[in-house]
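> Data: entry-v1.cif, mmCIF, C-alpha atoms.
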data_run
loop_
_atom_site.label_atom_id
_atom_site.label_comp_id
_atom_site.auth_asym_id
_atom_site.auth_seq_id
_atom_site.Cartn_x
_atom_site.Cartn_y
_atom_site.Cartn_z
CA PHE A 1 27.72 16.39 -20.22
CA ALA A 2 27.91 19.55 -22.28
CA PRO A 3 28.47 22.86 -20.51
CA GLN A 4 25.46 24.19 -18.62
CA THR A 5 22.75 26.33 -20.14
CA VAL A 6 21.14 28.65 -17.61
CA TYR A 7 17.47 29.67 -17.46
CA ALA A 8 15.98 32.26 -15.13
CA ALA A 9 13.62 31.15 -12.35
CA GLY A 10 12.19 32.97 -9.33
CA ASN A 11 14.10 34.02 -6.24
CA TYR A 12 15.98 31.25 -4.43
CA PRO A 13 14.67 28.19 -6.29
CA ASN A 14 14.92 25.33 -3.82
CA SER A 15 13.36 22.42 -5.70
CA VAL A 16 12.93 21.39 -9.34
CA TYR A 17 10.71 18.73 -10.93
CA ALA A 18 10.49 17.48 -14.54
CA ALA A 19 7.17 16.40 -16.09
CA ASP A 20 5.26 16.77 -19.36
CA LEU A 21 3.25 19.75 -18.19
CA ASP A 22 1.78 20.79 -21.57
CA GLY A 23 1.12 17.30 -22.90
CA ASP A 24 3.25 17.54 -26.01
CA GLY A 25 5.44 14.54 -25.24
CA ASP A 26 8.53 16.27 -23.92
CA LEU A 27 9.51 17.07 -20.34
CA ASP A 28 9.12 20.54 -18.92
CA LEU A 29 10.45 22.01 -15.68
CA VAL A 30 8.92 23.56 -12.59
CA THR A 31 10.77 25.13 -9.65
CA ALA A 32 9.66 26.07 -6.15
CA ASN A 33 10.99 29.56 -5.42
CA PHE A 34 11.51 30.07 -1.70
CA ILE A 35 11.86 33.85 -1.47
CA SER A 36 9.48 34.95 -4.24
CA ASP A 37 6.67 32.67 -2.96
CA ASN A 38 5.88 31.19 -6.36
CA VAL A 39 6.62 28.46 -8.86
CA SER A 40 8.30 28.90 -12.23
CA VAL A 41 7.14 26.76 -15.16
CA LEU A 42 9.61 26.44 -18.05
CA LEU A 43 8.10 24.69 -21.07
CA ASN A 44 10.34 22.59 -23.26
CA ASN A 45 10.77 23.77 -26.85
CA GLY A 46 11.08 20.14 -27.89
CA ASP A 47 14.86 20.05 -28.13
CA GLY A 48 15.95 20.38 -24.51
CA THR A 49 15.87 24.14 -24.57
CA PHE A 50 13.23 25.96 -22.57
CA ALA A 51 10.93 28.94 -22.98
CA ASP A 52 11.04 31.80 -20.48
CA GLN A 53 9.44 31.03 -17.16
CA ALA A 54 5.75 31.52 -16.44
CA VAL A 55 5.21 32.33 -12.78
CA TYR A 56 2.33 31.16 -10.56
CA THR A 57 1.73 32.24 -7.00
CA ALA A 58 2.16 29.80 -4.11
CA GLU A 59 2.02 30.51 -0.37
CA ASP A 60 4.87 31.59 1.93
CA HIS A 61 8.30 30.12 1.22
CA PRO A 62 7.64 27.03 -0.89
CA LEU A 63 10.48 24.57 -0.30
CA SER A 64 9.49 21.72 -2.60
CA VAL A 65 7.31 21.07 -5.64
CA PHE A 66 5.87 17.78 -6.92
CA SER A 67 4.02 17.20 -10.20
CA ALA A 68 1.38 14.50 -10.68
CA ASP A 69 -2.14 14.05 -12.05
CA LEU A 70 -4.01 15.07 -8.90
CA ASP A 71 -7.48 15.51 -10.42
CA GLY A 72 -7.43 12.48 -12.71
CA ASP A 73 -7.91 14.34 -15.98
CA GLY A 74 -4.74 13.09 -17.64
CA ASP A 75 -2.45 16.08 -17.21
CA PHE A 76 0.15 16.96 -14.59
CA ASP A 77 -0.80 19.28 -11.73
CA LEU A 78 1.46 20.86 -9.11
CA ALA A 79 1.72 20.71 -5.33
CA THR A 80 4.10 22.74 -3.15
CA ALA A 81 5.06 22.48 0.52
CA ASN A 82 5.01 26.01 1.95
CA TYR A 83 7.38 26.24 4.88
CA SER A 84 6.34 29.51 6.51
CA SER A 85 2.57 29.38 5.96
CA ASN A 86 2.25 25.79 7.20
CA ASN A 87 0.26 24.59 4.22
CA VAL A 88 0.26 22.99 0.80
CA SER A 89 -0.64 24.70 -2.48
CA VAL A 90 -2.32 22.68 -5.23
CA LEU A 91 -2.31 24.20 -8.73
CA LEU A 92 -4.43 22.28 -11.22
CA ASN A 93 -3.33 22.14 -14.85
CA ASN A 94 -5.64 23.75 -17.39
CA GLY A 95 -4.56 21.08 -19.87
CA ASP A 96 -2.04 23.17 -21.76
CA GLY A 97 0.75 23.73 -19.25
CA THR A 98 -0.88 26.76 -17.69
CA PHE A 99 -2.26 26.51 -14.18
CA ALA A 100 -5.30 27.59 -12.22
CA THR A 101 -5.02 29.70 -9.08
CA GLN A 102 -3.75 27.71 -6.13
CA ALA A 103 -6.02 25.91 -3.68
CA ILE A 104 -4.60 25.90 -0.15
CA TYR A 105 -4.70 23.01 2.34
CA ALA A 106 -3.42 23.07 5.90
CA ALA A 107 -0.38 21.01 6.81
CA ASN A 108 1.48 21.01 10.12
CA THR A 109 4.31 23.29 11.25
CA TYR A 110 7.11 23.99 8.77
CA PRO A 111 6.20 21.65 5.90
CA TYR A 112 9.43 20.83 4.12
CA PHE A 113 8.54 18.37 1.38
CA VAL A 114 5.47 17.04 -0.46
CA PHE A 115 5.04 13.70 -2.24
CA ALA A 116 2.05 12.45 -4.27
CA ALA A 117 1.06 8.78 -4.32
CA ASP A 118 -2.04 6.59 -4.13
CA LEU A 119 -1.91 5.92 -0.40
CA GLU A 120 -5.42 4.49 0.07
CA GLY A 121 -5.51 2.37 -3.07
CA ASP A 122 -8.54 4.02 -4.68
CA GLY A 123 -6.84 5.05 -7.90
CA ASP A 124 -6.27 8.74 -7.20
CA LEU A 125 -3.19 10.44 -5.84
CA ASP A 126 -2.97 11.60 -2.24
CA LEU A 127 -0.39 13.88 -0.62
CA ALA A 128 2.18 13.13 2.07
CA VAL A 129 3.95 16.10 3.64
CA ALA A 130 7.08 16.03 5.82
CA ASN A 131 6.67 18.61 8.61
CA TYR A 132 10.02 19.73 9.97
CA GLY A 133 8.83 21.51 13.12
CA PRO A 134 6.54 19.12 15.02
CA GLU A 135 8.33 16.00 13.74
CA ASN A 136 5.52 14.36 11.80
CA VAL A 137 3.98 13.73 8.41
CA SER A 138 0.61 15.00 7.20
CA ILE A 139 -1.53 12.77 5.01
CA LEU A 140 -4.10 14.53 2.81
CA LEU A 141 -6.36 12.04 1.06
CA ASN A 142 -7.72 12.95 -2.36
CA ASN A 143 -11.49 13.30 -2.63
CA GLY A 144 -11.22 11.98 -6.18
CA ASP A 145 -11.38 15.33 -7.94
CA GLY A 146 -8.11 17.01 -6.98
CA THR A 147 -9.47 18.43 -3.76
CA PHE A 148 -8.22 17.04 -0.48
CA ALA A 149 -9.57 16.05 2.91
CA ALA A 150 -8.18 17.58 6.09
CA GLN A 151 -4.80 16.26 7.12
CA THR A 152 -4.17 13.28 9.37
CA VAL A 153 -0.87 13.50 11.24
CA TYR A 154 1.56 10.69 12.11
CA ALA A 155 4.67 11.02 14.29
CA THR A 156 8.17 10.62 12.85
CA GLY A 157 11.66 11.11 14.21
CA GLY A 158 13.24 14.49 14.76
CA ASN A 159 12.96 17.12 12.01
CA PRO A 160 12.03 15.09 8.91
CA ILE A 161 13.36 16.67 5.73
CA THR A 162 11.62 14.66 3.00
CA VAL A 163 9.10 11.82 2.64
CA PHE A 164 9.06 8.94 0.15
CA ALA A 165 6.26 6.46 -0.60
CA ALA A 166 6.93 2.87 -1.69
CA ASP A 167 5.70 -0.66 -0.94
CA LEU A 168 8.28 -1.49 1.70
CA ASP A 169 6.61 -4.57 3.19
CA GLY A 170 5.51 -6.15 -0.08
CA ASP A 171 1.78 -6.21 0.67
CA GLY A 172 0.68 -4.17 -2.34
CA ASP A 173 0.08 -0.78 -0.72
CA LEU A 174 2.39 2.21 -0.38
CA ASP A 175 4.22 2.83 2.87
CA LEU A 176 6.14 5.93 3.95
CA THR A 177 9.68 6.65 5.01
CA THR A 178 11.25 9.91 6.22
CA PRO A 179 14.88 10.89 6.90
CA ASN A 180 15.00 12.58 10.31
CA SER A 181 17.79 15.14 10.44
CA LEU A 182 17.73 15.72 14.20
CA SER A 183 17.48 12.12 15.42
CA ASP A 184 19.87 10.60 12.83
CA ASN A 185 17.49 7.90 11.66
CA VAL A 186 14.77 7.08 9.18
CA SER A 187 11.16 6.42 10.09
CA VAL A 188 9.17 3.70 8.34
CA LEU A 189 5.38 3.95 8.59
CA LEU A 190 3.62 0.90 7.21
CA ASN A 191 0.29 1.37 5.47
CA ASN A 192 -2.69 -0.38 7.05
CA GLY A 193 -4.12 -0.82 3.56
CA ASP A 194 -6.56 2.09 3.67
CA GLY A 195 -4.33 5.16 3.74
CA THR A 196 -3.90 5.08 7.51
CA PHE A 197 -0.52 4.17 8.94
CA ALA A 198 0.91 2.17 11.81
CA ALA A 199 3.20 3.86 14.32
CA GLN A 200 6.69 4.52 13.02
CA THR A 201 9.63 2.18 13.34
CA THR A 202 13.04 3.86 13.24
CA PHE A 203 16.36 2.71 11.80
CA ALA A 204 19.71 4.38 12.48
CA THR A 205 21.52 6.28 9.72
CA GLY A 206 24.53 8.55 9.48
CA SER A 207 24.56 12.11 10.78
CA ILE A 208 21.83 14.55 9.67
CA PRO A 209 20.07 12.44 7.03
CA TYR A 210 18.55 14.70 4.38
CA SER A 211 16.92 12.48 1.77
CA VAL A 212 15.80 8.89 1.27
CA ASN A 213 14.94 6.79 -1.77
CA ALA A 214 13.63 3.23 -2.07
CA ALA A 215 14.81 0.76 -4.71
CA ASP A 216 15.66 -2.93 -5.00
CA LEU A 217 19.38 -2.52 -4.38
CA ASP A 218 20.24 -6.18 -3.76
CA GLY A 219 18.02 -7.67 -6.47
CA ASP A 220 15.95 -9.85 -4.15
CA GLY A 221 12.58 -8.43 -5.15
CA ASP A 222 11.94 -6.09 -2.23
CA LEU A 223 12.70 -2.39 -1.81
CA ASP A 224 15.70 -1.23 0.17
CA LEU A 225 16.53 2.27 1.40
CA ALA A 226 19.35 4.62 0.43
CA VAL A 227 19.84 7.64 2.69
CA ALA A 228 22.01 10.71 2.03
CA ASN A 229 23.64 11.91 5.24
CA TYR A 230 24.44 15.62 5.17
CA GLY A 231 26.37 15.63 8.46
CA SER A 232 28.61 12.59 7.98
CA ASP A 233 29.31 12.97 4.25
CA ASP A 234 28.12 9.49 3.39
CA VAL A 235 25.23 7.32 2.25
CA SER A 236 23.48 4.71 4.39
CA ILE A 237 22.12 1.56 2.74
CA LEU A 238 19.40 -0.30 4.65
CA LEU A 239 18.62 -3.64 3.05
CA ASN A 240 15.05 -4.84 3.40
CA ALA A 241 14.49 -8.09 5.30
CA ILE A 242 10.74 -8.54 4.84
CA ASP A 243 11.37 -12.17 3.93
CA GLY A 244 13.72 -12.56 6.86
CA CYS A 245 13.32 -12.17 10.57
CA TYR A 246 12.77 -9.07 12.70
CA TYR A 247 11.43 -8.60 16.19
CA VAL A 248 10.02 -5.70 18.20
CA VAL A 249 12.20 -4.82 21.18
CA GLY A 250 10.08 -4.74 24.34
CA ASP A 251 7.47 -7.15 22.94
CA TYR A 252 6.94 -8.90 26.28
CA ASN A 253 3.72 -10.65 25.28
CA GLY A 254 4.66 -11.83 21.80
CA SER A 255 2.05 -9.68 20.03
CA ASN A 256 4.53 -8.26 17.48
CA SER A 257 3.76 -4.77 18.81
CA PHE A 258 4.78 -2.67 21.82
CA ASN A 259 2.33 -0.97 24.17
CA ILE A 260 1.31 -0.70 27.83
CA SER A 261 0.22 -4.34 27.96
CA ASP A 262 3.83 -5.34 27.30
CA ILE A 263 4.96 -3.42 30.39
CA ILE A 264 2.27 -5.10 32.52
CA ASP A 265 3.25 -8.51 31.20
CA GLY A 266 6.89 -7.63 31.73
CA PHE A 267 6.28 -7.03 35.44
CA SER A 268 4.51 -10.38 35.63
CA LYS A 269 7.40 -12.15 33.94
CA LEU A 270 9.89 -10.44 36.23
CA LYS A 271 7.95 -11.66 39.25
CA THR A 272 7.84 -15.25 38.05
CA GLY A 273 11.34 -15.22 36.62
CA SER A 274 10.12 -16.91 33.46
CA PRO A 275 10.69 -14.75 30.36
CA ASP A 276 8.92 -17.07 27.96
CA ALA A 277 7.62 -14.68 25.29
CA GLY A 278 9.21 -12.94 22.36
CA LEU A 279 11.59 -14.17 19.70
CA ILE A 280 13.85 -17.00 20.88
CA CYS A 281 17.47 -16.64 19.80
CA GLU A 282 20.91 -17.84 20.79
CA CYS A 283 22.41 -15.25 23.09
CA PRO A 284 25.32 -14.73 22.82
CA PRO A 285 25.33 -15.96 19.21
CA GLY A 286 26.81 -19.42 18.89
CA SER A 287 26.51 -20.19 22.59
CA GLY A 288 23.68 -22.66 22.25
CA ILE A 289 21.85 -20.75 25.03
CA GLU A 290 18.29 -19.81 24.11
CA TRP A 291 17.01 -16.39 25.12
CA ALA A 292 13.79 -14.43 24.56
CA VAL A 293 15.55 -11.45 23.01
CA ALA A 294 12.42 -9.42 22.32
CA ILE A 295 12.00 -8.76 26.04
CA ASP A 296 15.72 -8.09 26.62
CA VAL A 297 15.28 -4.36 26.06
CA ASN A 298 18.84 -3.35 26.95
CA ASN A 299 20.61 -6.23 25.17
CA SER A 300 22.24 -7.55 28.33
CA CYS A 301 21.35 -11.22 27.69
CA ALA A 302 19.48 -11.07 30.97
CA PHE A 303 16.01 -10.06 32.08
CA ASN A 304 15.64 -7.83 35.13
CA ILE A 305 14.16 -4.58 36.40
CA SER A 306 16.35 -2.50 34.09
CA ASP A 307 14.52 -3.98 31.09
CA ILE A 308 11.21 -2.81 32.57
CA ILE A 309 12.61 0.69 33.19
CA ASP A 310 13.97 0.87 29.64
CA GLY A 311 10.63 -0.44 28.40
CA PHE A 312 8.85 2.49 30.07
CA SER A 313 11.26 4.85 28.33
CA LYS A 314 10.49 3.30 24.93
CA LEU A 315 6.78 3.47 25.64
CA LYS A 316 7.08 7.18 26.48
CA THR A 317 8.86 8.01 23.22
CA GLY A 318 6.52 5.83 21.17
CA ALA A 319 9.44 4.57 19.12
CA PRO A 320 10.11 0.87 19.76
CA ASP A 321 13.19 -0.50 18.07
CA LEU A 322 12.93 -3.08 15.30
CA GLU A 323 15.92 -5.41 15.38
CA PRO A 324 17.10 -7.96 12.82
CA CYS A 325 17.48 -11.52 14.04
CA GLU A 326 20.96 -11.44 12.56
CA ASP A 327 22.00 -9.52 15.69
CA CYS A 328 21.16 -12.63 17.67
CA PRO A 329 20.55 -15.55 15.26
CA PRO A 330 17.44 -17.63 15.91
CA ALA A 331 18.06 -21.01 17.47
CA GLY A 332 16.82 -23.71 15.09
#
Translate this file's structure into structure tokens.


Amino acid sequence: FAPQTVYAAGNYPNSVYAADLDGDGDLDLVTANFISDNVSVLLNNGDGTFADQAVYTAEDHPLSVFSADLDGDGDFDLATANYSSNNVSVLLNNGDGTFATQAIYAANTYPYFVFAADLEGDGDLDLAVANYGPENVSILLNNGDGTFAAQTVYATGGNPITVFAADLDGDGDLDLTTPNSLSDNVSVLLNNGDGTFAAQTTFATGSIPYSVNAADLDGDGDLDLAVANYGSDDVSILLNAIDGCYYVVGDYNGSNSFNISDIIDGFSKLKTGSPDAGLICECPPGSGIEWAVAIDVNNSCAFNISDIIDGFSKLKTGAPDLEPCEDCPPAG
């Protein structure tokens, strides 16, 4: 790369996004300016140099900006996640790279990042917002005209920093994943097909994960996850196994989910001494001994009262583990 060229933005720019904002075929820049509570738009002169910034007001402490065609008119609009005012600003493009006054939509506490994608499959772009404080994501569905319905909130792990939308289970709709900086994991929320989402499943990462991206890293046709870990100075790669074998830990009744009925069935199985549900694997691997690993909550290769106690704990947190069969290969 050539030496840097520097262009002025607002105070403490925290996020930058490139898009063709004025529709002339080249890519312009927009920044979210944390301290000055605004966005800077720098239009491309056509040669990779940029005009002076034009500034548009956002709400309090915008941390991220995303550009997409939110109102379906063919140009790129803006959305910002406003950390201190607990909301999202939407600035619609006038068609020439200038922007209308913001419209404001409530998010949850301390929104950190905003992502636009067609979450309900109706052809317009919705918003997903990672809320750092209450440990959740807000979904704001598009009304079809660049205005948005009130948020629906879904739980994530501790202190999500960003959110990314991609078809993680290969069913044609867009799912969500968040890196959770406090709990050192990523949450995956699978789309029910209508812009609502199933309860999260979490996967361990390195320390203080800050960002996540989905791409087909192993060339098998499904999307894997790459996670940047701020605290451990490394990157976690989580390969997708949607064509393989996973099981829900604590799934006592073989329903492929985990809820209070699993605990009730678990007590029944403990009383009869016949753990006959869940995924059957060899445990330990290679031993030839079959075991219903899905109900072996604490991985002891046994089934007793401690599995029920641990099951209650998982039910309380609402975060059942999803384990690959490779940890305990299926028999046959």

> Please expand the PyMOL selection byres ((chain A and resi 151) around 12) into the concrete residues it hits in this file, giving the result as a PyMOL selection string.

chain A and resi 86-88+105-108+126-131+136-142+148-150+152-154+195-196

> Care to translate the PyMOL selection byres ((chain A and resi 16) around 10) into actual residues of this file, as a ChimeraX atom specification?

/A:13-15,17-18,29-33,39-41,63-67

> Just so the selection is clear, what residues does the PyMOL selection byres ((chain A and resi 199) around 9) cover here, as a count of residues only?

12

> For A:Asn82, which residue among A:Ala54, A:Ile35, A:Leu43, A:Ala117 is the nearest when counting all atoms listed in the file?

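Under the stated criterion, the closest residue is A:Ile35.
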
> So how many Å separate atom CA of A:Thr202 and atom CA of A:Lys314, to one decimal?

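Computing it gives 12.0 Å between the two atoms.
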
> For stretch 101-123 of chain A, which lacks atoms in the input, supply N, CA and C atoms and format the output as an mmCIF file, in the coordinates of the input.


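Saved result, result_36.cif, follows:
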data_model
loop_
_atom_site.group_PDB
_atom_site.id
_atom_site.type_symbol
_atom_site.label_atom_id
_atom_site.label_comp_id
_atom_site.auth_asym_id
_atom_site.auth_seq_id
_atom_site.Cartn_x
_atom_site.Cartn_y
_atom_site.Cartn_z
ATOM 1 N N THR A 101 -5.417 29.125 -10.368
ATOM 2 C CA THR A 101 -5.020 29.700 -9.080
ATOM 3 C C THR A 101 -4.945 28.600 -8.019
ATOM 4 N N GLN A 102 -3.984 28.721 -7.150
ATOM 5 C CA GLN A 102 -3.750 27.710 -6.130
ATOM 6 C C GLN A 102 -4.979 27.490 -5.241
ATOM 7 N N ALA A 103 -5.147 26.242 -4.804
ATOM 8 C CA ALA A 103 -6.020 25.910 -3.680
ATOM 9 C C ALA A 103 -5.109 25.568 -2.512
ATOM 10 N N ILE A 104 -5.482 25.991 -1.311
ATOM 11 C CA ILE A 104 -4.600 25.900 -0.150
ATOM 12 C C ILE A 104 -5.172 24.919 0.860
ATOM 13 N N TYR A 105 -4.299 24.016 1.354
ATOM 14 C CA TYR A 105 -4.700 23.010 2.340
ATOM 15 C C TYR A 105 -3.722 23.045 3.509
ATOM 16 N N ALA A 106 -4.255 22.999 4.708
ATOM 17 C CA ALA A 106 -3.420 23.070 5.900
ATOM 18 C C ALA A 106 -2.539 21.832 6.028
ATOM 19 N N ALA A 107 -1.290 22.060 6.390
ATOM 20 C CA ALA A 107 -0.380 21.010 6.810
ATOM 21 C C ALA A 107 -0.043 21.272 8.272
ATOM 22 N N ASN A 108 1.072 20.717 8.753
ATOM 23 C CA ASN A 108 1.480 21.010 10.120
ATOM 24 C C ASN A 108 2.584 22.059 10.083
ATOM 25 N N THR A 109 3.340 22.200 11.147
ATOM 26 C CA THR A 109 4.310 23.290 11.250
ATOM 27 C C THR A 109 5.554 23.030 10.418
ATOM 28 N N TYR A 110 5.921 24.006 9.610
ATOM 29 C CA TYR A 110 7.110 23.990 8.770
ATOM 30 C C TYR A 110 7.137 22.802 7.797
ATOM 31 N N PRO A 111 6.150 22.712 6.903
ATOM 32 C CA PRO A 111 6.200 21.650 5.900
ATOM 33 C C PRO A 111 7.397 21.832 4.971
ATOM 34 N N TYR A 112 8.161 20.766 4.830
ATOM 35 C CA TYR A 112 9.430 20.830 4.120
ATOM 36 C C TYR A 112 9.376 20.179 2.751
ATOM 37 N N PHE A 113 8.514 19.165 2.601
ATOM 38 C CA PHE A 113 8.540 18.370 1.380
ATOM 39 C C PHE A 113 7.176 17.748 1.161
ATOM 40 N N VAL A 114 6.759 17.650 -0.111
ATOM 41 C CA VAL A 114 5.470 17.040 -0.460
ATOM 42 C C VAL A 114 5.701 15.946 -1.497
ATOM 43 N N PHE A 115 4.931 14.859 -1.357
ATOM 44 C CA PHE A 115 5.040 13.700 -2.240
ATOM 45 C C PHE A 115 3.636 13.237 -2.578
ATOM 46 N N ALA A 116 3.372 12.913 -3.842
ATOM 47 C CA ALA A 116 2.050 12.450 -4.270
ATOM 48 C C ALA A 116 2.107 10.970 -4.606
ATOM 49 N N ALA A 117 1.139 10.212 -4.074
ATOM 50 C CA ALA A 117 1.060 8.780 -4.320
ATOM 51 C C ALA A 117 -0.330 8.292 -3.937
ATOM 52 N N ASP A 118 -0.731 7.157 -4.464
ATOM 53 C CA ASP A 118 -2.040 6.590 -4.130
ATOM 54 C C ASP A 118 -1.916 5.817 -2.819
ATOM 55 N N LEU A 119 -2.145 6.507 -1.717
ATOM 56 C CA LEU A 119 -1.910 5.920 -0.400
ATOM 57 C C LEU A 119 -3.055 5.048 0.082
ATOM 58 N N GLU A 120 -4.275 5.289 -0.389
ATOM 59 C CA GLU A 120 -5.420 4.490 0.070
ATOM 60 C C GLU A 120 -5.915 3.495 -0.959
ATOM 61 N N GLY A 121 -5.222 3.401 -2.098
ATOM 62 C CA GLY A 121 -5.510 2.370 -3.070
ATOM 63 C C GLY A 121 -6.805 2.545 -3.819
ATOM 64 N N ASP A 122 -7.265 3.774 -3.983
ATOM 65 C CA ASP A 122 -8.540 4.020 -4.680
ATOM 66 C C ASP A 122 -8.349 4.573 -6.078
ATOM 67 N N GLY A 123 -7.102 4.641 -6.540
ATOM 68 C CA GLY A 123 -6.840 5.050 -7.900
ATOM 69 C C GLY A 123 -6.518 6.510 -8.106
#
